[in-house]
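File shown: protein.pdb (PDB, C-alpha atoms).
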ATOM      1  CA  MET A 228     -34.639  -6.823 -27.052
ATOM      2  CA  ALA A 229     -34.016  -8.332 -30.422
ATOM      3  CA  THR A 230     -31.048  -6.098 -31.201
ATOM      4  CA  ALA A 231     -29.318  -7.032 -27.944
ATOM      5  CA  ALA A 232     -29.404 -10.652 -29.027
ATOM      6  CA  ILE A 233     -26.960 -10.009 -31.825
ATOM      7  CA  ASP A 234     -23.661 -11.578 -30.898
ATOM      8  CA  THR A 235     -20.999  -8.914 -30.479
ATOM      9  CA  HIS A 236     -18.416 -11.377 -31.767
ATOM     10  CA  ASP A 237     -19.848 -10.851 -35.219
ATOM     11  CA  THR A 238     -20.923  -7.245 -34.944
ATOM     12  CA  HIS A 239     -18.170  -5.730 -32.761
ATOM     13  CA  ALA A 240     -17.882  -2.248 -31.401
ATOM     14  CA  GLY A 241     -18.239   0.628 -33.821
ATOM     15  CA  HIS A 242     -20.078  -1.542 -36.307
ATOM     16  CA  PRO A 243     -23.785  -0.884 -36.781
ATOM     17  CA  PRO A 244     -26.264  -3.782 -36.496
ATOM     18  CA  THR A 245     -26.801  -5.478 -39.858
ATOM     19  CA  SER A 246     -29.885  -7.135 -41.338
ATOM     20  CA  THR A 247     -28.179 -10.535 -41.144
ATOM     21  CA  GLY A 248     -26.870  -9.952 -37.622
ATOM     22  CA  LEU A 249     -23.423 -10.761 -39.002
ATOM     23  CA  ASN A 250     -20.422  -8.537 -39.480
ATOM     24  CA  ASN A 251     -20.309  -7.243 -43.065
ATOM     25  CA  THR A 252     -16.507  -7.500 -43.171
ATOM     26  CA  LYS A 253     -16.727 -11.187 -42.361
ATOM     27  CA  VAL A 254     -19.452 -11.730 -44.959
ATOM     28  CA  ALA A 255     -17.208  -9.969 -47.486
ATOM     29  CA  ILE A 256     -14.131 -12.092 -46.712
ATOM     30  CA  TRP A 257     -16.172 -15.291 -47.035
ATOM     31  CA  ALA A 258     -17.580 -14.077 -50.377
ATOM     32  CA  PHE A 259     -14.024 -13.285 -51.479
ATOM     33  CA  ILE A 260     -12.842 -16.733 -50.387
ATOM     34  CA  GLY A 261     -15.747 -18.236 -52.364
ATOM     35  CA  SER A 262     -14.568 -16.392 -55.477
ATOM     36  CA  GLU A 263     -11.015 -17.583 -54.820
ATOM     37  CA  CYS A 264     -12.302 -21.166 -55.002
ATOM     38  CA  PHE A 265     -13.091 -20.553 -58.685
ATOM     39  CA  PHE A 266      -9.739 -18.867 -59.276
ATOM     40  CA  PHE A 267      -7.744 -21.798 -57.923
ATOM     41  CA  ALA A 268     -10.119 -24.333 -59.518
ATOM     42  CA  SER A 269      -9.258 -22.845 -62.921
ATOM     43  CA  LEU A 270      -5.522 -23.100 -62.228
ATOM     44  CA  ILE A 271      -5.774 -26.626 -60.789
ATOM     45  CA  SER A 272      -7.917 -27.864 -63.693
ATOM     46  CA  THR A 273      -5.418 -26.355 -66.176
ATOM     47  CA  TYR A 274      -2.604 -28.220 -64.417
ATOM     48  CA  LEU A 275      -4.565 -31.488 -64.402
ATOM     49  CA  ILE A 276      -5.608 -31.152 -68.071
ATOM     50  CA  TYR A 277      -1.982 -30.657 -69.161
ATOM     51  CA  ARG A 278      -0.728 -33.354 -66.831
ATOM     52  CA  GLY A 279       1.263 -36.023 -68.683
ATOM     53  CA  ARG A 280       1.012 -34.149 -72.020
ATOM     54  CA  SER A 281       4.464 -32.582 -72.053
ATOM     55  CA  LEU A 282       6.457 -33.600 -75.138
ATOM     56  CA  VAL A 283       9.846 -32.884 -73.580
ATOM     57  CA  GLY A 284      11.200 -33.149 -70.041
ATOM     58  CA  PRO A 285      12.071 -32.616 -67.277
ATOM     59  CA  PHE A 286       9.047 -34.472 -65.906
ATOM     60  CA  PRO A 287       7.679 -34.304 -62.350
ATOM     61  CA  HIS A 288       7.951 -37.943 -61.281
ATOM     62  CA  GLU A 289      10.139 -39.758 -63.793
ATOM     63  CA  ALA A 290      13.591 -39.281 -65.330
ATOM     64  CA  TRP A 291      13.945 -38.203 -68.971
ATOM     65  CA  THR A 292      16.793 -38.478 -71.456
ATOM     66  CA  ASP A 293      17.063 -35.697 -74.036
ATOM     67  CA  PRO A 294      17.397 -37.536 -77.390
ATOM     68  CA  ALA A 295      19.300 -34.610 -78.935
ATOM     69  CA  THR A 296      22.008 -34.263 -76.294
ATOM     70  CA  GLY A 297      21.789 -37.543 -74.372
ATOM     71  CA  HIS A 298      21.521 -35.520 -71.151
ATOM     72  CA  VAL A 299      19.579 -37.332 -68.413
ATOM     73  CA  TYR A 300      17.149 -35.199 -66.411
ATOM     74  CA  LYS A 301      16.096 -36.744 -63.090
ATOM     75  CA  ALA A 302      12.532 -36.516 -61.745
ATOM     76  CA  ILE A 303      12.150 -32.853 -60.874
ATOM     77  CA  LEU A 304       9.909 -32.841 -57.775
ATOM     78  CA  ASN A 305      11.635 -32.953 -54.393
ATOM     79  CA  ILE A 306       9.026 -34.560 -52.126
ATOM     80  CA  PRO A 307      11.024 -34.436 -48.830
ATOM     81  CA  VAL A 308      11.632 -30.674 -49.134
ATOM     82  CA  THR A 309       8.024 -29.948 -50.106
ATOM     83  CA  SER A 310       6.766 -32.144 -47.245
ATOM     84  CA  VAL A 311       8.708 -29.990 -44.794
ATOM     85  CA  SER A 312       7.350 -26.769 -46.332
ATOM     86  CA  THR A 313       3.823 -28.233 -46.166
ATOM     87  CA  PHE A 314       4.338 -28.977 -42.476
ATOM     88  CA  VAL A 315       5.578 -25.400 -41.952
ATOM     89  CA  LEU A 316       2.434 -23.966 -43.585
ATOM     90  CA  LEU A 317       0.168 -26.239 -41.508
ATOM     91  CA  MET A 318       1.888 -25.088 -38.313
ATOM     92  CA  SER A 319       1.466 -21.464 -39.409
ATOM     93  CA  SER A 320      -2.280 -22.068 -39.315
ATOM     94  CA  LEU A 321      -1.964 -23.207 -35.703
ATOM     95  CA  ALA A 322       0.027 -20.045 -34.874
ATOM     96  CA  MET A 323      -2.659 -17.977 -36.627
ATOM     97  CA  VAL A 324      -5.554 -19.343 -34.553
ATOM     98  CA  LEU A 325      -3.513 -18.778 -31.396
ATOM     99  CA  ALA A 326      -2.836 -15.167 -32.481
ATOM    100  CA  HIS A 327      -6.558 -14.592 -33.018
ATOM    101  CA  SER A 328      -7.394 -16.219 -29.699
ATOM    102  CA  ALA A 329      -4.823 -13.988 -27.923
ATOM    103  CA  VAL A 330      -6.283 -10.805 -29.459
ATOM    104  CA  VAL A 331      -9.812 -11.883 -28.439
ATOM    105  CA  ARG A 332      -8.562 -12.402 -24.848
ATOM    106  CA  GLY A 333      -6.716  -9.072 -24.883
ATOM    107  CA  ASP A 334      -3.414 -10.874 -24.263
ATOM    108  CA  ARG A 335      -1.094  -8.405 -26.023
ATOM    109  CA  LYS A 336       2.148 -10.277 -25.322
ATOM    110  CA  SER A 337       0.856 -13.556 -26.805
ATOM    111  CA  SER A 338      -0.803 -11.828 -29.751
ATOM    112  CA  LYS A 339       2.530 -10.284 -30.789
ATOM    113  CA  ILE A 340       4.365 -13.602 -30.404
ATOM    114  CA  TRP A 341       1.829 -15.588 -32.422
ATOM    115  CA  LEU A 342       1.369 -12.962 -35.136
ATOM    116  CA  ALA A 343       5.156 -12.823 -35.555
ATOM    117  CA  SER A 344       5.345 -16.649 -35.556
ATOM    118  CA  THR A 345       2.688 -16.904 -38.256
ATOM    119  CA  ALA A 346       4.456 -14.335 -40.439
ATOM    120  CA  LEU A 347       7.791 -16.072 -39.880
ATOM    121  CA  LEU A 348       6.390 -19.495 -40.782
ATOM    122  CA  GLY A 349       4.750 -17.990 -43.882
ATOM    123  CA  ALA A 350       8.070 -16.413 -44.875
ATOM    124  CA  THR A 351       9.791 -19.773 -44.302
ATOM    125  CA  PHE A 352       7.297 -21.421 -46.669
ATOM    126  CA  LEU A 353       8.105 -18.743 -49.265
ATOM    127  CA  ALA A 354      11.838 -19.378 -48.783
ATOM    128  CA  PHE A 355      11.245 -23.088 -49.475
ATOM    129  CA  GLN A 356       9.311 -22.140 -52.610
ATOM    130  CA  ALA A 357      12.085 -19.802 -53.771
ATOM    131  CA  TYR A 358      14.609 -22.614 -53.228
ATOM    132  CA  GLU A 359      12.395 -25.035 -55.174
ATOM    133  CA  PHE A 360      11.859 -22.660 -58.104
ATOM    134  CA  THR A 361      15.575 -21.833 -58.275
ATOM    135  CA  SER A 362      16.616 -25.484 -58.224
ATOM    136  CA  PHE A 363      14.060 -26.307 -60.946
ATOM    137  CA  VAL A 364      15.476 -23.587 -63.193
ATOM    138  CA  HIS A 365      19.007 -24.875 -62.555
ATOM    139  CA  GLU A 366      17.854 -28.394 -63.437
ATOM    140  CA  GLY A 367      16.403 -27.198 -66.736
ATOM    141  CA  LEU A 368      12.708 -26.588 -65.991
ATOM    142  CA  THR A 369      11.399 -23.083 -66.640
ATOM    143  CA  ILE A 370       7.926 -21.697 -67.336
ATOM    144  CA  HIS A 371       8.739 -22.021 -71.093
ATOM    145  CA  THR A 372      10.175 -25.574 -71.084
ATOM    146  CA  ASN A 373       7.027 -27.675 -71.393
ATOM    147  CA  LEU A 374       3.343 -27.874 -70.411
ATOM    148  CA  PHE A 375       4.262 -29.173 -66.968
ATOM    149  CA  GLY A 376       6.597 -26.225 -66.358
ATOM    150  CA  SER A 377       4.027 -23.661 -67.527
ATOM    151  CA  SER A 378       1.101 -25.022 -65.504
ATOM    152  CA  PHE A 379       3.251 -25.839 -62.448
ATOM    153  CA  PHE A 380       4.879 -22.403 -62.153
ATOM    154  CA  ILE A 381       1.570 -20.608 -62.776
ATOM    155  CA  LEU A 382      -0.327 -22.657 -60.158
ATOM    156  CA  THR A 383       2.292 -22.681 -57.404
ATOM    157  CA  GLY A 384       3.422 -19.145 -58.294
ATOM    158  CA  PHE A 385      -0.063 -17.718 -57.798
ATOM    159  CA  HIS A 386      -0.339 -19.624 -54.527
ATOM    160  CA  GLY A 387       3.001 -18.167 -53.456
ATOM    161  CA  ALA A 388       1.733 -14.690 -54.370
ATOM    162  CA  HIS A 389      -1.238 -15.277 -52.069
ATOM    163  CA  VAL A 390       1.092 -16.376 -49.262
ATOM    164  CA  THR A 391       3.183 -13.229 -49.844
ATOM    165  CA  ALA A 392       0.049 -11.055 -49.565
ATOM    166  CA  GLY A 393      -0.839 -12.921 -46.356
ATOM    167  CA  VAL A 394       2.618 -12.334 -44.856
ATOM    168  CA  ILE A 395       2.371  -8.599 -45.653
ATOM    169  CA  TRP A 396      -1.112  -8.518 -44.060
ATOM    170  CA  LEU A 397       0.239 -10.301 -40.945
ATOM    171  CA  LEU A 398       3.204  -7.953 -40.664
ATOM    172  CA  THR A 399       0.816  -4.976 -40.916
ATOM    173  CA  LEU A 400      -1.267  -6.376 -38.035
ATOM    174  CA  LEU A 401       1.918  -7.056 -36.055
ATOM    175  CA  PHE A 402       3.074  -3.471 -36.638
ATOM    176  CA  ILE A 403      -0.281  -2.110 -35.382
ATOM    177  CA  ASP A 404      -0.146  -4.455 -32.384
ATOM    178  CA  MET A 405       3.359  -3.301 -31.487
ATOM    179  CA  LYS A 406       2.570   0.382 -32.090
ATOM    180  CA  ARG A 407      -0.641   0.750 -30.115
ATOM    181  CA  GLY A 408      -1.957  -2.776 -29.411
ATOM    182  CA  LEU A 409      -4.879  -4.647 -30.938
ATOM    183  CA  THR A 410      -7.898  -4.564 -28.616
ATOM    184  CA  PRO A 411     -10.508  -7.344 -28.368
ATOM    185  CA  ASP A 412     -12.903  -4.990 -30.202
ATOM    186  CA  GLU A 413     -10.539  -5.160 -33.179
ATOM    187  CA  ALA A 414     -10.366  -8.965 -33.187
ATOM    188  CA  ILE A 415     -12.446  -8.983 -36.383
ATOM    189  CA  ASN A 416      -9.436  -7.502 -38.228
ATOM    190  CA  VAL A 417      -7.326 -10.492 -37.153
ATOM    191  CA  ASP A 418     -10.237 -12.857 -37.814
ATOM    192  CA  VAL A 419     -10.557 -11.880 -41.504
ATOM    193  CA  CYS A 420      -6.781 -12.139 -41.941
ATOM    194  CA  ALA A 421      -6.896 -15.580 -40.282
ATOM    195  CA  LEU A 422      -9.679 -16.743 -42.626
ATOM    196  CA  TYR A 423      -7.618 -15.662 -45.635
ATOM    197  CA  TRP A 424      -4.522 -17.360 -44.212
ATOM    198  CA  HIS A 425      -6.324 -20.653 -43.548
ATOM    199  CA  PHE A 426      -7.789 -20.565 -47.047
ATOM    200  CA  VAL A 427      -4.272 -20.249 -48.483
ATOM    201  CA  ASP A 428      -3.380 -23.242 -46.309
ATOM    202  CA  VAL A 429      -6.266 -25.423 -47.589
ATOM    203  CA  VAL A 430      -5.393 -24.533 -51.193
ATOM    204  CA  TRP A 431      -1.890 -25.829 -50.510
ATOM    205  CA  ILE A 432      -3.333 -29.020 -49.013
ATOM    206  CA  ALA A 433      -5.019 -29.633 -52.389
ATOM    207  CA  ILE A 434      -1.946 -28.630 -54.423
ATOM    208  CA  PHE A 435       0.391 -30.839 -52.366
ATOM    209  CA  THR A 436      -1.716 -33.917 -53.092
ATOM    210  CA  LEU A 437      -2.666 -33.184 -56.713
ATOM    211  CA  VAL A 438       0.695 -31.872 -57.927
ATOM    212  CA  TYR A 439       3.319 -33.478 -55.714
ATOM    213  CA  LEU A 440       2.005 -36.800 -54.445
ATOM    214  CA  ILE A 441      -0.232 -38.214 -57.176
ATOM    215  CA  LYS A 442       2.059 -39.724 -59.799
TER     216      LYS A 442
ATOM    217  CA  MET B  85     -15.025 -30.537 -28.494
ATOM    218  CA  ALA B  86     -14.473 -27.990 -25.770
ATOM    219  CA  ALA B  87     -15.298 -24.414 -26.610
ATOM    220  CA  ASP B  88     -14.100 -21.042 -25.397
ATOM    221  CA  HIS B  89     -17.052 -18.867 -24.415
ATOM    222  CA  SER B  90     -14.935 -15.956 -23.269
ATOM    223  CA  HIS B  91     -15.942 -13.641 -26.090
ATOM    224  CA  SER B  92     -19.692 -14.169 -26.146
ATOM    225  CA  ASN B  93     -20.956 -10.846 -24.783
ATOM    226  CA  VAL B  94     -24.676 -11.475 -24.997
ATOM    227  CA  SER B  95     -26.894  -9.966 -22.327
ATOM    228  CA  HIS B  96     -28.665 -12.380 -19.966
ATOM    229  CA  ASP B  97     -32.161 -11.121 -20.813
ATOM    230  CA  SER B  98     -31.758 -12.246 -24.388
ATOM    231  CA  GLN B  99     -30.209 -15.657 -23.941
ATOM    232  CA  GLY B 100     -32.951 -17.386 -25.904
ATOM    233  CA  ASP B 101     -32.290 -15.344 -29.011
ATOM    234  CA  ALA B 102     -28.561 -15.386 -28.347
ATOM    235  CA  ALA B 103     -28.410 -19.152 -28.582
ATOM    236  CA  ALA B 104     -29.186 -18.892 -32.271
ATOM    237  CA  HIS B 105     -26.484 -16.309 -32.864
ATOM    238  CA  GLU B 106     -23.739 -17.374 -30.494
ATOM    239  CA  HIS B 107     -20.656 -18.540 -32.372
ATOM    240  CA  THR B 108     -18.134 -20.137 -30.061
ATOM    241  CA  HIS B 109     -14.565 -20.966 -31.011
ATOM    242  CA  PRO B 110     -12.503 -24.010 -29.988
ATOM    243  CA  ASP B 111      -9.949 -23.772 -27.204
ATOM    244  CA  TRP B 112      -6.180 -24.371 -27.179
ATOM    245  CA  GLY B 113      -6.615 -28.119 -26.551
ATOM    246  CA  THR B 114      -8.733 -28.505 -29.684
ATOM    247  CA  TYR B 115      -6.311 -26.440 -31.780
ATOM    248  CA  LYS B 116      -3.404 -28.580 -30.536
ATOM    249  CA  TRP B 117      -5.172 -31.825 -31.436
ATOM    250  CA  VAL B 118      -6.145 -30.483 -34.856
ATOM    251  CA  ALA B 119      -2.492 -29.565 -35.544
ATOM    252  CA  LEU B 120      -1.331 -33.034 -34.448
ATOM    253  CA  ILE B 121      -3.923 -34.751 -36.651
ATOM    254  CA  LEU B 122      -2.968 -32.583 -39.642
ATOM    255  CA  ALA B 123       0.734 -33.376 -39.134
ATOM    256  CA  ALA B 124      -0.016 -37.101 -38.760
ATOM    257  CA  ILE B 125      -2.119 -37.217 -41.947
ATOM    258  CA  THR B 126       0.607 -35.349 -43.868
ATOM    259  CA  ALA B 127       3.199 -37.864 -42.616
ATOM    260  CA  LEU B 128       0.887 -40.710 -43.668
ATOM    261  CA  GLU B 129       0.471 -39.222 -47.152
ATOM    262  CA  VAL B 130       4.223 -38.935 -47.653
ATOM    263  CA  TRP B 131       4.790 -42.431 -46.239
ATOM    264  CA  ILE B 132       2.231 -43.870 -48.696
ATOM    265  CA  TYR B 133       4.018 -42.074 -51.554
ATOM    266  CA  TYR B 134       7.177 -44.091 -50.831
ATOM    267  CA  ILE B 135       5.512 -47.527 -50.870
ATOM    268  CA  PRO B 136       5.957 -48.779 -54.487
ATOM    269  CA  SER B 137       3.624 -51.743 -53.997
ATOM    270  CA  PHE B 138       0.851 -49.375 -52.899
ATOM    271  CA  THR B 139       1.441 -46.632 -55.462
ATOM    272  CA  ALA B 140       1.009 -49.267 -58.198
ATOM    273  CA  THR B 141      -2.499 -50.164 -57.005
ATOM    274  CA  LYS B 142      -5.779 -48.483 -57.974
ATOM    275  CA  LEU B 143      -6.244 -47.478 -54.321
ATOM    276  CA  PHE B 144      -3.320 -45.038 -54.310
ATOM    277  CA  VAL B 145      -5.062 -42.019 -55.832
ATOM    278  CA  PRO B 146      -8.426 -42.432 -54.007
ATOM    279  CA  VAL B 147      -6.645 -42.857 -50.647
ATOM    280  CA  LEU B 148      -4.528 -39.721 -51.211
ATOM    281  CA  LEU B 149      -7.585 -37.725 -52.303
ATOM    282  CA  ALA B 150      -9.525 -38.920 -49.244
ATOM    283  CA  LEU B 151      -6.691 -37.989 -46.860
ATOM    284  CA  SER B 152      -6.398 -34.585 -48.533
ATOM    285  CA  ALA B 153     -10.171 -34.056 -48.232
ATOM    286  CA  ILE B 154     -10.016 -34.929 -44.515
ATOM    287  CA  LYS B 155      -7.218 -32.387 -43.939
ATOM    288  CA  PHE B 156      -9.105 -29.764 -45.949
ATOM    289  CA  SER B 157     -12.305 -30.354 -43.944
ATOM    290  CA  ILE B 158     -10.526 -30.262 -40.577
ATOM    291  CA  VAL B 159      -8.895 -26.900 -41.325
ATOM    292  CA  VAL B 160     -12.140 -25.423 -42.625
ATOM    293  CA  MET B 161     -14.236 -26.713 -39.712
ATOM    294  CA  PHE B 162     -11.911 -25.959 -36.794
ATOM    295  CA  TYR B 163      -9.369 -23.321 -37.858
ATOM    296  CA  MET B 164     -11.802 -21.378 -40.061
ATOM    297  CA  HIS B 165     -14.546 -22.019 -37.454
ATOM    298  CA  LEU B 166     -17.115 -23.020 -40.072
ATOM    299  CA  LYS B 167     -18.349 -25.763 -37.735
ATOM    300  CA  TYR B 168     -19.249 -23.092 -35.179
ATOM    301  CA  ASP B 169     -20.052 -20.061 -37.338
ATOM    302  CA  ALA B 170     -23.217 -18.797 -39.020
ATOM    303  CA  LYS B 171     -24.862 -20.821 -41.784
ATOM    304  CA  LEU B 172     -24.497 -17.926 -44.229
ATOM    305  CA  PHE B 173     -20.696 -18.218 -44.041
ATOM    306  CA  ARG B 174     -20.988 -21.963 -44.689
ATOM    307  CA  ALA B 175     -23.149 -21.292 -47.744
ATOM    308  CA  LEU B 176     -20.781 -18.609 -49.055
ATOM    309  CA  PHE B 177     -17.893 -21.082 -48.961
ATOM    310  CA  VAL B 178     -19.421 -24.496 -49.642
ATOM    311  CA  ALA B 179     -21.565 -23.479 -52.637
ATOM    312  CA  PRO B 180     -18.635 -22.076 -54.696
ATOM    313  CA  LEU B 181     -16.408 -24.935 -53.544
ATOM    314  CA  VAL B 182     -18.874 -27.584 -54.766
ATOM    315  CA  LEU B 183     -19.461 -25.717 -58.038
ATOM    316  CA  ALA B 184     -15.704 -25.292 -58.582
ATOM    317  CA  SER B 185     -15.174 -29.026 -57.918
ATOM    318  CA  PHE B 186     -17.842 -29.888 -60.514
ATOM    319  CA  ILE B 187     -16.109 -27.573 -62.999
ATOM    320  CA  ILE B 188     -12.766 -29.357 -62.441
ATOM    321  CA  VAL B 189     -14.369 -32.795 -62.898
ATOM    322  CA  GLY B 190     -16.320 -31.574 -65.957
ATOM    323  CA  LEU B 191     -13.182 -30.202 -67.602
ATOM    324  CA  LEU B 192     -11.308 -33.441 -66.906
ATOM    325  CA  PHE B 193     -14.122 -35.356 -68.652
ATOM    326  CA  LEU B 194     -14.077 -32.913 -71.587
ATOM    327  CA  PHE B 195     -10.337 -33.282 -72.075
ATOM    328  CA  GLY B 196     -10.408 -37.060 -71.799
ATOM    329  CA  HIS B 197      -8.684 -37.488 -68.427
ATOM    330  CA  LEU B 198     -11.721 -39.183 -66.916
ATOM    331  CA  LYS B 199     -13.701 -41.755 -68.828
ATOM    332  CA  VAL B 200     -17.036 -43.469 -68.194
ATOM    333  CA  SER B 201     -17.645 -46.792 -69.927
ATOM    334  CA  PHE B 202     -21.260 -47.800 -70.576
TER     335      PHE B 202
END

Turn this file's structure into structure tokens for me.
Amino acid sequence: MATAAIDTHDTHAGHPPTSTGLNNTKVAIWAFIGSECFFFASLISTYLIYRGRSLVGPFPHEAWTDPATGHVYKAILNIPVTSVSTFVLLMSSLAMVLAHSAVVRGDRKSSKIWLASTALLGATFLAFQAYEFTSFVHEGLTIHTNLFGSSFFILTGFHGAHVTAGVIWLLTLLFIDMKRGLTPDEAINVDVCALYWHFVDVVWIAIFTLVYLIK
Amino acid sequence: MAADHSHSNVSHDSQGDAAAHEHTHPDWGTYKWVALILAAITALEVWIYYIPSFTATKLFVPVLLALSAIKFSIVVMFYMHLKYDAKLFRALFVAPLVLASFIIVGLLFLFGHLKVSF
């Protein structure tokens, strides 16, 4: 029975057998994630190309004195705050895998807790980003100030937009789980959300090193 | 690494074929260790950032990139289950990732951020 050999984890109830033996939704999310690699590569390469080419400050890692006004701008990046937000995003990935695992087991109480935790941690990351952006603007760095400002806000802003989409997706799953419960047969819906969420996490791993830590 | 087989619903008469398709996921213990390792590497990265004598050396950037690559790989392998999942998924992710990395390096060469001396 060749068809019986297809793993139901990838095909799931209500989904017809496919020529690859894999769930089409999961193939689609991986293809989407592959395309997202190019999207973020373009933004990261733009940031790296413009790195160190700003004519005026504020600069990311060193102080700058405005020759016209004599005003001293300190190094703009706040590594301790961003380290905490990075830790929060990493822990959200742990909560996400536990949410998926709970749905697979049919543990409705745990699935709600972990889905809510993931969304909350994602929202906390966004709050850190909002705080960072606001403080940068108050310190004199906007998207128009210099090349660093333009490439920084575009790169981290698009990442933040992805996190926002992920939080909305998580809250939608949480709403469904609370309304009628997510069954193990529907674990694929949580699985694709989890893959997207972890991808957003690995993009931040790259951004944290390339933008914040490398001087 | 331990694996959770609880959601492998393959019939017993097709276990031979199933072995090729079965995609197991890690258990709670593995997830916990992965989270601890990720947190430890992040702490190490930040600690390195605050050592002036190390940031001044040529090792600083390669070490940070290596640590970042390790974190990236761990998340992809264990949290995204690419270590356990079908090869097609691996191809769909790794091929664009490698190509995108080459594009970044190529652009950095083009714009003079990386130089090769002959």

>> Under the PyMOL selection byres ((chain B and resi 133) around 12), which residues of this model are included? Write them out as a VMD selection string.
In response: (chain A and resid 288 306 to 307 310 435 to 436 439 to 442) or (chain B and resid 126 to 132 134 to 141 143 to 145 147 to 148)

>> I'd like the residues picked by the PyMOL selection byres ((chain B and resi 153-162) around 10) written out as an MDAnalysis selection string, using the chain letters and numbers from the file.
In response: (chainID A and resid 317 320:321 324 422 425:426 428:433 436) or (chainID B and resid 85 109:110 114:115 118:119 121:123 125:126 147:152 163:169 174 177)

Compute the distance from (2.6, -17.1, -58.6) to each atom, counting only C-alpha atoms, keep the residues with any atom at most 12 Å away, and return them as a PDB file with C-alpha atoms, keeping the file's coordinate frame; use the coordinates of the file.
ATOM      1  CA  PHE A 267      -7.744 -21.798 -57.923  1.00  0.00           C
ATOM      2  CA  LEU A 270      -5.522 -23.100 -62.228  1.00  0.00           C
ATOM      3  CA  LEU A 353       8.105 -18.743 -49.265  1.00  0.00           C
ATOM      4  CA  GLN A 356       9.311 -22.140 -52.610  1.00  0.00           C
ATOM      5  CA  ALA A 357      12.085 -19.802 -53.771  1.00  0.00           C
ATOM      6  CA  PHE A 360      11.859 -22.660 -58.104  1.00  0.00           C
ATOM      7  CA  ILE A 370       7.926 -21.697 -67.336  1.00  0.00           C
ATOM      8  CA  SER A 377       4.027 -23.661 -67.527  1.00  0.00           C
ATOM      9  CA  SER A 378       1.101 -25.022 -65.504  1.00  0.00           C
ATOM     10  CA  PHE A 379       3.251 -25.839 -62.448  1.00  0.00           C
ATOM     11  CA  PHE A 380       4.879 -22.403 -62.153  1.00  0.00           C
ATOM     12  CA  ILE A 381       1.570 -20.608 -62.776  1.00  0.00           C
ATOM     13  CA  LEU A 382      -0.327 -22.657 -60.158  1.00  0.00           C
ATOM     14  CA  THR A 383       2.292 -22.681 -57.404  1.00  0.00           C
ATOM     15  CA  GLY A 384       3.422 -19.145 -58.294  1.00  0.00           C
ATOM     16  CA  PHE A 385      -0.063 -17.718 -57.798  1.00  0.00           C
ATOM     17  CA  HIS A 386      -0.339 -19.624 -54.527  1.00  0.00           C
ATOM     18  CA  GLY A 387       3.001 -18.167 -53.456  1.00  0.00           C
ATOM     19  CA  ALA A 388       1.733 -14.690 -54.370  1.00  0.00           C
ATOM     20  CA  HIS A 389      -1.238 -15.277 -52.069  1.00  0.00           C
ATOM     21  CA  VAL A 390       1.092 -16.376 -49.262  1.00  0.00           C
ATOM     22  CA  THR A 391       3.183 -13.229 -49.844  1.00  0.00           C
ATOM     23  CA  ALA A 392       0.049 -11.055 -49.565  1.00  0.00           C
TER      24      ALA A 392
END

Evaluate the PyMOL selection byres ((chain A and resi 290) around 12) here and jot the selected residues down as a compact mmCIF listing (two decimals) with C-alpha atoms, in the frame of the given file.
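Heads up, here's the output in part12.txt:
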# COMPACT_ATOMS: atom_id res chain seq x y z
CA VAL A 283 9.85 -32.88 -73.58
CA GLY A 284 11.20 -33.15 -70.04
CA PRO A 285 12.07 -32.62 -67.28
CA PHE A 286 9.05 -34.47 -65.91
CA PRO A 287 7.68 -34.30 -62.35
CA HIS A 288 7.95 -37.94 -61.28
CA GLU A 289 10.14 -39.76 -63.79
CA TRP A 291 13.94 -38.20 -68.97
CA THR A 292 16.79 -38.48 -71.46
CA ASP A 293 17.06 -35.70 -74.04
CA HIS A 298 21.52 -35.52 -71.15
CA VAL A 299 19.58 -37.33 -68.41
CA TYR A 300 17.15 -35.20 -66.41
CA LYS A 301 16.10 -36.74 -63.09
CA ALA A 302 12.53 -36.52 -61.74
CA ILE A 303 12.15 -32.85 -60.87
CA LEU A 304 9.91 -32.84 -57.78
CA GLU A 366 17.85 -28.39 -63.44

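Across the model, the gap from atom CA of A:Ser272 to atom CA of B:Leu192 is 7.3 Å.
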
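For B:Leu176, the set of protein, DNA and RNA residues having any atom at most 10 Å away, when counting only C-alpha atoms and skipping those fewer than 3 positions along the same chain, is Val254, Ala255, Ile256, Trp257, Ala258, Phe259, Ile260, Gly261 and Ser262 of chain A; Lys171, Leu172, Phe173, Ala179, Pro180 and Leu181 of chain B.
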
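Minimum atom-to-atom distance to chain A, evaluated using all atoms listed in the file, belongs to B:Ile188 out of B:Ile188, B:Leu194, B:Ala175, B:Val200.
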
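Atom CA of B:Gly113 sits 21.3 Å away from atom CA of A:Ala343.
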
> atom CA of A:Val438 and atom CA of A:Gly279, how far apart in Å?
Replying inline: 11.5 Å

>> Counting only C-alpha atoms, find residues at most 12 Å from (-6.8, -38.6, -69.5) (file frame) and give them as a list of chain:residue names.
In response: A:Leu275, A:Ile276, A:Tyr277, A:Arg278, A:Gly279, A:Arg280, B:Val189, B:Leu191, B:Leu192, B:Phe193, B:Leu194, B:Phe195, B:Gly196, B:His197, B:Leu198, B:Lys199, B:Val200

Specify the axis-aligned box that encloses all atoms of stretch 400-408 of chain A listed in the file after padding of 6 Å on each side, stating its centre and edge lengths in Å to one decimal as lines of an AutoDock Vina configuration file.
center_x = 0.7
center_y = -3.2
center_z = -33.7
size_x = 17.3
size_y = 19.8
size_z = 20.6
